[in-house]
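Here's run-v8.tsv, which has TSV, C-alpha atoms and all ligand atoms:
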```tsv
chain	number	residue	atom	x	y	z
F	1019	MET	CA	63.69	107.25	61.29
F	1020	THR	CA	63.65	106.51	57.54
F	1021	SER	CA	66.93	104.61	57.85
F	1022	LEU	CA	65.54	102.67	60.82
F	1023	VAL	CA	62.52	101.64	58.79
F	1024	TYR	CA	64.88	100.70	55.93
F	1025	THR	CA	67.10	98.61	58.21
F	1026	PHE	CA	64.07	96.90	59.70
F	1027	THR	CA	62.62	96.14	56.25
F	1028	SER	CA	65.98	94.80	55.05
F	1029	LEU	CA	66.23	92.61	58.13
F	1030	ILE	CA	62.78	91.15	57.54
F	1031	LEU	CA	63.65	90.55	53.90
F	1032	ILE	CA	66.90	88.82	54.79
F	1033	MET	CA	65.10	86.61	57.33
F	1034	PHE	CA	62.45	85.81	54.74
F	1035	VAL	CA	65.02	85.05	52.08
F	1036	SER	CA	67.05	82.81	54.33
F	1037	SER	CA	63.98	80.61	54.59
F	1038	PHE	CA	64.50	79.90	50.87
F	1039	ARG	CA	67.34	77.74	49.75
F	1040	VAL	CA	69.18	80.82	48.59
F	1041	ILE	CA	72.88	80.33	48.37
F	1042	ALA	CA	75.47	80.80	50.99
F	1043	ASP	CA	78.91	81.34	49.47
F	1044	THR	CA	80.35	77.96	50.30
F	1045	GLY	CA	84.01	78.37	49.58
F	1046	GLY	CA	86.05	78.17	46.47
F	1047	ALA	CA	86.23	74.66	44.99
F	1048	GLY	CA	89.95	75.43	44.86
F	1049	LEU	CA	89.41	78.93	43.46
F	1050	GLN	CA	90.45	82.14	45.23
F	1051	ASP	CA	89.62	85.81	45.35
F	1052	ASN	CA	92.53	88.00	44.17
F	1053	TYR	CA	94.00	84.91	42.59
F	1054	TYR	CA	96.55	86.79	40.46
F	1055	LYS	CA	97.65	89.12	43.28
F	1056	SER	CA	101.26	87.93	43.07
F	1057	SER	CA	101.46	86.13	39.72
F	1058	CYS	CA	99.94	88.91	37.59
F	1059	PRO	CA	98.81	91.90	39.68
F	1060	PRO	CA	97.21	93.87	36.81
F	1061	ALA	CA	95.11	90.91	35.58
F	1062	GLU	CA	91.66	92.06	36.71
F	1063	ALA	CA	92.36	95.71	35.88
F	1064	VAL	CA	93.49	94.86	32.34
F	1065	VAL	CA	90.32	92.85	31.66
F	1066	LYS	CA	88.22	95.69	32.98
F	1067	ARG	CA	90.00	98.35	30.92
F	1068	VAL	CA	89.71	96.35	27.70
F	1069	ALA	CA	86.04	95.51	28.32
F	1070	VAL	CA	85.04	99.07	29.22
F	1071	ALA	CA	86.89	100.44	26.17
F	1072	ASN	CA	84.67	98.24	24.00
F	1073	PHE	CA	81.46	99.19	25.78
F	1074	THR	CA	82.24	102.87	25.21
F	1075	ASP	CA	83.94	102.76	21.78
F	1076	PRO	CA	82.40	105.75	19.95
F	1077	SER	CA	83.04	104.05	16.59
F	1078	ASP	CA	80.90	101.04	17.51
F	1079	PRO	CA	77.20	101.65	18.14
F	1080	ARG	CA	76.76	98.27	19.83
F	1081	GLY	CA	78.31	99.70	23.02
F	1082	LEU	CA	76.67	98.23	26.10
F	1083	ARG	CA	75.15	95.41	24.06
F	1084	PHE	CA	78.66	93.95	24.31
F	1085	ALA	CA	78.31	94.00	28.09
F	1086	ALA	CA	75.16	91.88	27.88
F	1087	GLY	CA	76.98	89.61	25.44
F	1088	LEU	CA	79.86	89.04	27.85
F	1089	LEU	CA	77.51	88.21	30.70
F	1090	ARG	CA	75.77	85.64	28.54
F	1091	LEU	CA	79.11	84.27	27.38
F	1092	SER	CA	80.03	83.45	30.99
F	1093	PHE	CA	76.82	81.46	31.41
F	1094	HIS	CA	77.31	79.60	28.15
F	1095	ASP	CA	80.86	78.80	29.17
F	1096	CYS	CA	80.09	77.54	32.68
F	1097	HIS	CA	76.95	75.61	31.78
F	1098	VAL	CA	78.67	73.40	29.21
F	1099	ASP	CA	81.17	71.06	30.87
F	1100	GLY	CA	82.15	73.73	33.40
F	1101	CYS	CA	83.78	77.17	33.33
F	1102	ASP	CA	86.75	76.21	31.17
F	1103	ALA	CA	86.58	78.62	28.21
F	1104	SER	CA	85.59	75.74	25.92
F	1105	VAL	CA	83.05	78.15	24.39
F	1106	LEU	CA	85.94	80.20	22.98
F	1107	LEU	CA	87.62	77.42	21.00
F	1108	ASP	CA	87.35	77.64	17.22
F	1109	GLY	CA	86.62	74.57	15.09
F	1110	PRO	CA	84.04	73.15	12.71
F	1111	ASN	CA	82.08	71.37	15.48
F	1112	ALA	CA	83.05	73.62	18.38
F	1113	GLU	CA	80.49	74.85	20.94
F	1114	LYS	CA	80.24	78.27	19.33
F	1115	THR	CA	78.81	76.67	16.17
F	1116	ALA	CA	75.84	75.19	18.06
F	1117	GLU	CA	72.42	76.63	17.22
F	1118	VAL	CA	71.93	77.60	20.87
F	1119	ASN	CA	75.06	79.78	20.59
F	1120	THR	CA	74.05	81.54	17.35
F	1121	PHE	CA	73.81	84.99	18.89
F	1122	LEU	CA	76.72	84.80	21.32
F	1123	THR	CA	79.00	87.84	21.20
F	1124	GLY	CA	82.08	89.12	23.00
F	1125	PHE	CA	84.74	86.77	21.61
F	1126	GLU	CA	86.87	89.61	20.22
F	1127	ILE	CA	86.86	91.41	23.58
F	1128	ILE	CA	88.20	88.31	25.32
F	1129	ASP	CA	90.85	88.00	22.56
F	1130	LYS	CA	91.98	91.59	23.16
F	1131	ALA	CA	92.21	91.13	26.92
F	1132	LYS	CA	94.12	87.88	26.46
F	1133	ALA	CA	96.59	89.49	24.03
F	1134	GLU	CA	97.33	92.29	26.52
F	1135	LEU	CA	97.71	89.86	29.39
F	1136	GLU	CA	100.04	87.62	27.40
F	1137	SER	CA	102.28	90.61	26.81
F	1138	VAL	CA	102.46	91.53	30.52
F	1139	CYS	CA	102.23	88.09	32.17
F	1140	PRO	CA	102.79	85.38	29.55
F	1141	GLY	CA	101.12	82.03	30.24
F	1142	VAL	CA	99.59	83.08	33.57
F	1143	VAL	CA	95.95	84.18	33.22
F	1144	SER	CA	93.51	81.56	31.93
F	1145	CYS	CA	90.88	82.34	29.32
F	1146	ALA	CA	88.26	80.90	31.67
F	1147	ASP	CA	89.18	83.48	34.34
F	1148	ILE	CA	89.13	86.29	31.77
F	1149	ILE	CA	85.52	85.39	30.88
F	1150	ALA	CA	84.54	85.41	34.57
F	1151	TYR	CA	86.17	88.81	35.25
F	1152	ALA	CA	84.67	90.33	32.10
F	1153	ALA	CA	81.17	89.19	33.11
F	1154	ARG	CA	81.54	91.04	36.42
F	1155	ASP	CA	82.79	94.15	34.59
F	1156	ALA	CA	79.77	93.90	32.30
F	1157	VAL	CA	77.38	93.91	35.26
F	1158	ILE	CA	79.07	97.04	36.67
F	1159	ALA	CA	78.95	98.78	33.28
F	1160	LEU	CA	75.23	98.05	33.09
F	1161	ASN	CA	74.76	99.77	36.48
F	1162	GLY	CA	74.70	96.61	38.56
F	1163	THR	CA	76.57	96.09	41.82
F	1164	SER	CA	80.10	94.72	41.74
F	1165	PHE	CA	81.05	91.37	43.27
F	1166	ASN	CA	84.34	89.60	43.86
F	1167	VAL	CA	85.29	87.01	41.29
F	1168	GLN	CA	87.37	84.00	42.17
F	1169	GLY	CA	90.25	82.96	39.90
F	1170	GLY	CA	92.30	79.83	39.32
F	1171	ARG	CA	90.36	78.03	36.58
F	1172	LYS	CA	92.35	76.17	33.95
F	1173	ASP	CA	91.28	76.07	30.30
F	1174	GLY	CA	89.64	73.00	28.80
F	1175	ILE	CA	90.69	71.25	25.63
F	1176	VAL	CA	87.34	69.85	24.41
F	1177	SER	CA	84.62	71.91	22.72
F	1178	LEU	CA	81.68	70.23	21.01
F	1179	ALA	CA	78.54	71.83	19.59
F	1180	SER	CA	76.53	68.74	20.50
F	1181	ARG	CA	77.43	69.19	24.17
F	1182	ALA	CA	76.36	72.85	24.14
F	1183	GLN	CA	73.09	71.95	22.47
F	1184	ALA	CA	72.44	69.18	25.01
F	1185	GLN	CA	73.34	71.12	28.16
F	1186	LEU	CA	72.13	74.69	27.66
F	1187	PRO	CA	68.51	75.47	28.58
F	1188	SER	CA	65.97	76.46	25.93
F	1189	PRO	CA	63.67	79.50	26.19
F	1190	ASP	CA	60.74	77.11	25.86
F	1191	MET	CA	61.47	75.38	29.18
F	1192	THR	CA	59.16	75.34	32.19
F	1193	VAL	CA	60.27	75.74	35.80
F	1194	THR	CA	60.41	71.97	36.25
F	1195	GLU	CA	62.68	71.61	33.23
F	1196	LEU	CA	64.84	74.61	34.14
F	1197	THR	CA	65.25	73.37	37.69
F	1198	ALA	CA	66.38	69.96	36.50
F	1199	ASN	CA	68.74	71.59	33.99
F	1200	PHE	CA	70.40	73.79	36.65
F	1201	ALA	CA	70.45	70.95	39.19
F	1202	ARG	CA	72.66	68.99	36.78
F	1203	LYS	CA	75.21	71.79	37.31
F	1204	GLY	CA	74.81	71.77	41.09
F	1205	LEU	CA	72.75	74.99	41.02
F	1206	SER	CA	69.49	75.28	42.94
F	1207	MET	CA	66.07	76.44	41.80
F	1208	ASP	CA	66.63	79.72	43.67
F	1209	GLN	CA	69.98	80.24	42.00
F	1210	MET	CA	68.29	79.63	38.65
F	1211	VAL	CA	65.70	82.33	39.42
F	1212	ILE	CA	68.39	84.77	40.58
F	1213	LEU	CA	70.70	84.16	37.61
F	1214	SER	CA	67.78	84.60	35.23
F	1215	GLY	CA	67.77	88.18	36.56
F	1216	SER	CA	70.60	88.82	34.09
F	1217	HIS	CA	67.83	89.08	31.51
F	1218	THR	CA	67.24	92.55	32.96
F	1219	SER	CA	69.81	93.78	30.41
F	1220	ALA	CA	69.12	91.18	27.76
F	1221	ALA	CA	67.59	91.13	24.34
F	1222	SER	CA	66.38	88.35	22.11
F	1223	HIS	CA	66.34	87.80	18.38
F	1224	CYS	CA	63.24	86.50	16.60
F	1225	PRO	CA	64.40	82.88	16.17
F	1226	SER	CA	64.39	82.50	19.96
F	1227	ILE	CA	60.71	83.43	20.28
F	1228	VAL	CA	58.97	82.20	17.13
F	1229	ARG	CA	58.05	78.83	18.63
F	1230	ARG	CA	56.18	80.51	21.49
F	1231	LEU	CA	54.47	82.84	19.00
F	1232	TYR	CA	53.51	80.42	16.25
F	1233	ASN	CA	53.98	76.81	17.34
F	1234	PHE	CA	53.76	76.59	21.11
F	1235	ASN	CA	54.48	73.01	22.23
F	1236	GLY	CA	54.00	71.87	18.63
F	1237	THR	CA	50.33	73.02	18.55
F	1238	GLY	CA	50.68	75.44	15.64
F	1239	GLN	CA	49.23	78.11	17.98
F	1240	THR	CA	50.46	80.98	20.13
F	1241	ASP	CA	51.13	80.20	23.81
F	1242	PRO	CA	47.61	80.75	25.21
F	1243	SER	CA	49.05	82.17	28.42
F	1244	MET	CA	50.69	85.06	26.54
F	1245	PRO	CA	48.65	88.28	26.78
F	1246	SER	CA	47.27	89.06	23.31
F	1247	ALA	CA	48.69	92.60	23.27
F	1248	LEU	CA	52.19	91.22	23.88
F	1249	ALA	CA	51.69	88.49	21.28
F	1250	ASP	CA	50.50	91.02	18.69
F	1251	ARG	CA	53.45	93.30	19.38
F	1252	LEU	CA	55.97	90.46	19.07
F	1253	LYS	CA	54.30	89.05	15.94
F	1254	ALA	CA	54.57	92.46	14.28
F	1255	LEU	CA	58.30	92.42	15.04
F	1256	CYS	CA	58.80	88.78	14.06
F	1257	PRO	CA	56.37	87.84	11.26
F	1258	LYS	CA	55.55	84.17	10.71
F	1259	ASN	CA	57.88	82.20	8.43
F	1260	THR	CA	60.22	85.16	8.01
F	1261	PHE	CA	63.74	84.62	9.24
F	1262	ASN	CA	64.93	87.80	10.90
F	1263	ASP	CA	68.17	88.06	12.82
F	1264	THR	CA	68.38	91.84	13.05
F	1265	VAL	CA	65.37	92.80	15.19
F	1266	ILE	CA	66.22	93.06	18.89
F	1267	ILE	CA	63.52	92.43	21.52
F	1268	PRO	CA	64.24	93.47	25.14
F	1269	LEU	CA	63.53	90.78	27.73
F	1270	ASP	CA	62.95	93.50	30.35
F	1271	SER	CA	60.19	95.73	29.04
F	1272	LEU	CA	60.95	98.45	31.60
F	1273	SER	CA	64.65	99.37	31.23
F	1274	PHE	CA	67.95	98.11	29.86
F	1275	SER	CA	69.78	98.94	33.09
F	1276	PHE	CA	70.86	96.10	35.42
F	1277	ASP	CA	68.01	96.39	37.92
F	1278	THR	CA	64.81	94.70	39.05
F	1279	GLY	CA	62.91	95.60	35.87
F	1280	TYR	CA	63.10	92.00	34.67
F	1281	TYR	CA	61.21	90.66	37.70
F	1282	ARG	CA	58.68	93.50	37.47
F	1283	THR	CA	58.24	92.65	33.78
F	1284	LEU	CA	57.29	89.11	34.82
F	1285	GLN	CA	54.82	90.45	37.39
F	1286	ILE	CA	52.98	92.30	34.61
F	1287	HIS	CA	53.02	89.17	32.38
F	1288	GLU	CA	55.32	90.74	29.80
F	1289	GLY	CA	57.91	87.95	29.94
F	1290	VAL	CA	59.07	87.17	26.41
F	1291	PHE	CA	60.27	83.59	26.90
F	1292	THR	CA	58.36	80.74	28.51
F	1293	SER	CA	61.50	80.22	30.62
F	1294	ASP	CA	61.16	83.76	32.00
F	1295	GLN	CA	57.40	84.14	32.44
F	1296	SER	CA	57.01	80.70	34.02
F	1297	LEU	CA	59.21	81.86	36.93
F	1298	TYR	CA	56.35	84.13	37.96
F	1299	ASP	CA	53.51	81.87	36.86
F	1300	ASP	CA	54.80	78.87	38.82
F	1301	GLN	CA	53.84	78.97	42.50
F	1302	ARG	CA	57.18	77.46	43.53
F	1303	THR	CA	59.22	80.37	42.16
F	1304	GLN	CA	56.77	83.27	42.29
F	1305	PRO	CA	57.56	84.22	45.92
F	1306	LEU	CA	61.25	84.61	45.08
F	1307	VAL	CA	60.47	86.63	41.95
F	1308	ASN	CA	58.44	88.98	44.15
F	1309	LEU	CA	61.27	89.28	46.67
F	1310	LEU	CA	63.81	90.04	43.97
F	1311	THR	CA	61.96	93.21	43.02
F	1312	ASN	CA	63.90	94.62	45.98
F	1313	ASN	CA	67.00	95.99	44.26
F	1314	ALA	CA	69.45	95.70	47.19
F	1315	LEU	CA	68.45	92.09	47.67
F	1316	PHE	CA	68.64	91.29	43.96
F	1317	GLN	CA	72.10	92.81	43.54
F	1318	ALA	CA	73.52	91.01	46.58
F	1319	GLN	CA	72.01	87.66	45.62
F	1320	PHE	CA	73.07	88.04	42.00
F	1321	GLY	CA	76.73	88.45	42.95
F	1322	GLN	CA	76.57	85.38	45.17
F	1323	ALA	CA	74.87	83.34	42.46
F	1324	MET	CA	77.48	84.41	39.90
F	1325	ARG	CA	80.21	83.21	42.25
F	1326	ALA	CA	78.42	79.87	42.53
F	1327	MET	CA	78.03	79.65	38.75
F	1328	GLY	CA	81.73	80.49	38.40
F	1329	ARG	CA	82.62	77.35	40.35
F	1330	VAL	CA	80.66	74.94	38.15
F	1331	GLY	CA	82.85	72.14	36.85
F	1332	VAL	CA	86.08	74.11	37.12
F	1333	LYS	CA	89.32	72.42	36.16
F	1334	LEU	CA	92.16	73.04	38.56
F	1335	THR	CA	94.71	71.18	36.47
F	1336	GLY	CA	95.21	71.59	32.77
F	1337	GLU	CA	96.51	74.30	30.53
F	1338	ILE	CA	96.46	78.06	30.31
F	1339	ARG	CA	95.89	78.76	26.65
F	1340	ARG	CA	98.15	81.26	24.92
F	1341	ASP	CA	95.40	82.00	22.39
F	1342	CYS	CA	91.84	81.62	23.70
F	1343	ARG	CA	90.67	80.24	20.35
F	1344	LYS	CA	93.12	77.31	20.22
F	1345	VAL	CA	94.45	74.68	22.57
F	1346	ASN	CA	98.21	75.04	23.12
O	1401	LIG	C1	67.41	80.15	32.85
O	1401	LIG	C2	67.68	79.71	31.65
O	1401	LIG	C3	68.06	80.62	30.50
O	1401	LIG	C4	67.55	80.56	29.25
O	1401	LIG	C5	66.53	79.58	28.73
O	1401	LIG	C6	68.16	81.62	28.50
O	1401	LIG	C7	67.93	81.86	27.17
O	1401	LIG	C8	68.35	83.00	26.51
O	1401	LIG	C9	68.01	83.31	25.15
O	1401	LIG	C10	67.21	82.42	24.20
O	1401	LIG	C11	68.53	84.54	24.87
O	1401	LIG	C12	68.38	85.34	23.58
O	1401	LIG	C13	69.28	84.83	22.47
O	1401	LIG	C14	69.01	85.64	21.23
O	1401	LIG	O1	68.02	85.33	20.56
O	1401	LIG	O2	69.77	86.58	20.95
O	1401	LIG	C15	69.21	84.99	26.05
O	1401	LIG	C16	69.86	86.19	26.16
O	1401	LIG	C17	70.65	86.50	27.24
O	1401	LIG	N1	70.89	85.73	28.34
O	1401	LIG	FE1	69.92	84.06	28.85
O	1401	LIG	N2	69.02	82.30	29.30
O	1401	LIG	C18	69.00	81.71	30.54
O	1401	LIG	C19	69.79	82.06	31.62
O	1401	LIG	C20	70.76	83.03	31.58
O	1401	LIG	C21	71.77	83.21	32.57
O	1401	LIG	C22	71.96	82.32	33.80
O	1401	LIG	C23	72.51	84.29	32.18
O	1401	LIG	C24	73.72	84.92	32.84
O	1401	LIG	C25	74.17	84.63	34.03
O	1401	LIG	C26	71.93	84.79	30.96
O	1401	LIG	C27	72.33	85.93	30.30
O	1401	LIG	C28	71.77	86.39	29.14
O	1401	LIG	C29	72.08	87.68	28.57
O	1401	LIG	C30	72.95	88.76	29.18
O	1401	LIG	C31	71.40	87.74	27.35
O	1401	LIG	C32	71.42	88.89	26.35
O	1401	LIG	C33	72.59	88.73	25.42
O	1401	LIG	C34	72.68	89.86	24.44
O	1401	LIG	O3	71.87	90.77	24.48
O	1401	LIG	O4	73.63	89.80	23.60
O	1401	LIG	N3	70.90	83.98	30.61
O	1401	LIG	N4	69.10	84.03	27.02
```
Would you write the structure of this file as structure tokens?
Amino acid sequence: MTSLVYTFTSLILIMFVSSFRVIADTGGAGLQDNYYKSSCPPAEAVVKRVAVANFTDPSDPRGLRFAAGLLRLSFHDCHVDGCDASVLLDGPNAEKTAEVNTFLTGFEIIDKAKAELESVCPGVVSCADIIAYAARDAVIALNGTSFNVQGGRKDGIVSLASRAQAQLPSPDMTVTELTANFARKGLSMDQMVILSGSHTSAASHCPSIVRRLYNFNGTGQTDPSMPSALADRLKALCPKNTFNDTVIIPLDSLSFSFDTGYYRTLQIHEGVFTSDQSLYDDQRTQPLVNLLTNNALFQAQFGQAMRAMGRVGVKLTGEIRRDCRKVN
């Protein structure tokens, strides 16, 4: 009986969700599942082993924070001129030097995976694919549900901080601005809401929230829509005019695990960024936020949305870097 009720509820949810413009997985843009099946059979397993070893390294207390870092890295790769590992390139004006990328982590993990793969299958597995596989492994490590990742991306040769700064969304954006930003990448408003669910295992540093706390929209005031208890708590952590890059503020006030806590955080008005809280406060996106508090639905939709994000601007011709930090 319980399972019947569950099946019925799931069915209703699926029918309801399909009335949104939630993604169908519309093919590969030239990418494929199991892409390295013949050319480098251990590719996905090597990435996973290297990533998990870093998440669980007893000598490094950052542990699962690296998982969150890798997930963010995949977004910051794909959202700037496509998923082409341009975020990994070193250089004085490279993407990773952009202000918006200040707190990106995970580069060394990708380097390690690449080094192992170059020793078993030289010149075969692209850095862009390694980022995509590692992001999936991060979700699993954080207790999320696995999804298949397509492969076949080539690595880009251009990386410019100005392009990262121009293309990545800011935490001060509203739903209208976020929707336009994601639309430029071919991603829908619903996909934007679903992908924001990755903030369930995310944390922020003070520089990302001080504008909302002390100079909302240039007013010199706190965002009036922020509950005063939340504002007081965040101000105590991030005092005015004090640069602090060590304090870590969870974006999901309920748990670090990869679950629906982020959406429930928004329902109780505890969203830390404008870009998060406005997903609940805006009538266009609130119904989907409410739906995504269903964990089975969230996990399934998240995997689909990650596959869609993984197809943004991919290059099917080009090089496979030998060293992810340098063009060949
Ligand atoms: C919707 C627009 C988005 C905005 C405005 C945004 C903005 C941010 C900001 C400002 C931070 C904190 C940076 C810091 O101070 O350390 C952050 C963290 C994070 N974001 Fe987003 N993000 C967005 C979407 C996404 C997407 C689509 C993903 C992944 C698919 C993602 C994954 C993450 C993760 C995992 C973290 C935590 C990283 C860590 O703890 O090291 N974000 N995001």
How would you report the residues lying within 7 Å of ligand LIG 1401 (chain O), as an NGL selection string, if you count all atoms listed in the file? :F and (1083-1084 or 1086-1087 or 1089-1090 or 1092-1093 or 1121-1123 or 1187-1191 or 1196 or 1210 or 1213-1214 or 1216-1217 or 1219-1226 or 1293 or 1324)
So that I can check the surroundings of region 1135-1148 of chain F, please list as a CSV table (one decimal) with C-alpha atoms, in the frame of the given file every protein, DNA and RNA residue that reaches within 7 Å of it, counting only C-alpha atoms and ignoring chain neighbours fewer than 6 positions away.
```csv
chain,number,residue,atom,x,y,z
F,1058,CYS,CA,99.9,88.9,37.6
F,1061,ALA,CA,95.1,90.9,35.6
F,1065,VAL,CA,90.3,92.8,31.7
F,1101,CYS,CA,83.8,77.2,33.3
F,1102,ASP,CA,86.8,76.2,31.2
F,1103,ALA,CA,86.6,78.6,28.2
F,1128,ILE,CA,88.2,88.3,25.3
F,1169,GLY,CA,90.2,83.0,39.9
F,1170,GLY,CA,92.3,79.8,39.3
F,1171,ARG,CA,90.4,78.0,36.6
F,1172,LYS,CA,92.4,76.2,34.0
F,1173,ASP,CA,91.3,76.1,30.3
F,1338,ILE,CA,96.5,78.1,30.3
F,1339,ARG,CA,95.9,78.8,26.6
F,1340,ARG,CA,98.2,81.3,24.9
F,1342,CYS,CA,91.8,81.6,23.7
```
Among listed residues F:Thr1115, F:Asn1166, F:Gln1209, F:Thr1303, nearest Ala1152 (chain F) (using only C-alpha atoms): F:Asn1166
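Note that CA of Val1193 (chain F) and CA of Val1211 (chain F) are 9.3 Å apart.
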To box region 1265-1272 of chain F, take all atoms listed in the file, fit an axis-aligned box, add 5 Å on each side, and give centre and edge lengths in Å to one decimal, as AutoDock Vina command-line options.
```
--center_x 63.2 --center_y 94.6 --center_z 23.4 --size_x 16.0 --size_y 17.7 --size_z 26.4
```
Kindly extract all protein, DNA and RNA residues lying within 12 Å of the coordinates (46.3, 88.1, 22.9) given in the file, considering all atoms listed in the file, and supply them as a list in words. Leu1231, Gln1239, Thr1240, Asp1241, Pro1242, Ser1243, Met1244, Pro1245, Ser1246, Ala1247, Leu1248, Ala1249, Asp1250, Arg1251, Leu1252, Lys1253, His1287 and Glu1288 of chain F
Fewer than 4 positions away in the same chain doesn't count, so skip those; otherwise give me all residues within 8 Å of Arg1343 (chain F), counting all atoms listed in the file, as a PyMOL selection string. chain F and resi 1106-1108
Have a look at CA of Tyr1232 (chain F) and CA of Val1307 (chain F) and let me know their distance in Å, one decimal. 27.3 Å
Please supply region 1229-1242 of chain F, rebuilt with N, CA, C and O atoms, as a PDB file, keeping the file's coordinate frame.
```pdb
ATOM      1  N   ARG F1229      58.815  80.029  18.241  1.00  0.00           N
ATOM      2  CA  ARG F1229      58.050  78.830  18.630  1.00  0.00           C
ATOM      3  C   ARG F1229      56.921  79.234  19.590  1.00  0.00           C
ATOM      4  O   ARG F1229      55.788  78.792  19.457  1.00  0.00           O
ATOM      5  N   ARG F1230      57.228  80.092  20.546  1.00  0.00           N
ATOM      6  CA  ARG F1230      56.180  80.510  21.490  1.00  0.00           C
ATOM      7  C   ARG F1230      55.077  81.306  20.773  1.00  0.00           C
ATOM      8  O   ARG F1230      53.910  81.251  21.161  1.00  0.00           O
ATOM      9  N   LEU F1231      55.452  82.004  19.717  1.00  0.00           N
ATOM     10  CA  LEU F1231      54.470  82.840  19.000  1.00  0.00           C
ATOM     11  C   LEU F1231      53.611  82.040  18.032  1.00  0.00           C
ATOM     12  O   LEU F1231      52.431  82.343  17.858  1.00  0.00           O
ATOM     13  N   TYR F1232      54.232  81.052  17.357  1.00  0.00           N
ATOM     14  CA  TYR F1232      53.510  80.420  16.250  1.00  0.00           C
ATOM     15  C   TYR F1232      53.343  78.910  16.368  1.00  0.00           C
ATOM     16  O   TYR F1232      52.567  78.316  15.607  1.00  0.00           O
ATOM     17  N   ASN F1233      54.085  78.278  17.275  1.00  0.00           N
ATOM     18  CA  ASN F1233      53.980  76.810  17.340  1.00  0.00           C
ATOM     19  C   ASN F1233      54.264  76.338  18.760  1.00  0.00           C
ATOM     20  O   ASN F1233      55.111  75.486  18.988  1.00  0.00           O
ATOM     21  N   PHE F1234      53.523  76.892  19.702  1.00  0.00           N
ATOM     22  CA  PHE F1234      53.760  76.590  21.110  1.00  0.00           C
ATOM     23  C   PHE F1234      53.538  75.104  21.374  1.00  0.00           C
ATOM     24  O   PHE F1234      52.469  74.566  21.065  1.00  0.00           O
ATOM     25  N   ASN F1235      54.543  74.452  21.926  1.00  0.00           N
ATOM     26  CA  ASN F1235      54.480  73.010  22.230  1.00  0.00           C
ATOM     27  C   ASN F1235      54.005  72.186  21.034  1.00  0.00           C
ATOM     28  O   ASN F1235      53.284  71.199  21.208  1.00  0.00           O
ATOM     29  N   GLY F1236      54.355  72.623  19.829  1.00  0.00           N
ATOM     30  CA  GLY F1236      54.000  71.870  18.630  1.00  0.00           C
ATOM     31  C   GLY F1236      52.532  71.970  18.249  1.00  0.00           C
ATOM     32  O   GLY F1236      52.042  71.193  17.427  1.00  0.00           O
ATOM     33  N   THR F1237      51.776  72.941  18.803  1.00  0.00           N
ATOM     34  CA  THR F1237      50.330  73.020  18.550  1.00  0.00           C
ATOM     35  C   THR F1237      49.983  73.842  17.314  1.00  0.00           C
ATOM     36  O   THR F1237      48.829  73.892  16.901  1.00  0.00           O
ATOM     37  N   GLY F1238      50.982  74.546  16.764  1.00  0.00           N
ATOM     38  CA  GLY F1238      50.680  75.440  15.640  1.00  0.00           C
ATOM     39  C   GLY F1238      49.994  76.725  16.109  1.00  0.00           C
ATOM     40  O   GLY F1238      49.520  77.510  15.292  1.00  0.00           O
ATOM     41  N   GLN F1239      49.921  76.931  17.413  1.00  0.00           N
ATOM     42  CA  GLN F1239      49.230  78.110  17.980  1.00  0.00           C
ATOM     43  C   GLN F1239      50.190  78.943  18.819  1.00  0.00           C
ATOM     44  O   GLN F1239      51.286  78.498  19.156  1.00  0.00           O
ATOM     45  N   THR F1240      49.714  80.133  19.199  1.00  0.00           N
ATOM     46  CA  THR F1240      50.460  80.980  20.130  1.00  0.00           C
ATOM     47  C   THR F1240      50.261  80.437  21.551  1.00  0.00           C
ATOM     48  O   THR F1240      49.183  79.921  21.858  1.00  0.00           O
ATOM     49  N   ASP F1241      51.280  80.585  22.396  1.00  0.00           N
ATOM     50  CA  ASP F1241      51.130  80.200  23.810  1.00  0.00           C
ATOM     51  C   ASP F1241      49.876  80.898  24.365  1.00  0.00           C
ATOM     52  O   ASP F1241      49.805  82.123  24.406  1.00  0.00           O
ATOM     53  N   PRO F1242      48.858  80.125  24.771  1.00  0.00           N
ATOM     54  CA  PRO F1242      47.610  80.750  25.210  1.00  0.00           C
ATOM     55  C   PRO F1242      47.785  81.605  26.464  1.00  0.00           C
ATOM     56  O   PRO F1242      46.943  82.474  26.750  1.00  0.00           O
TER      57      PRO F1242
END
```
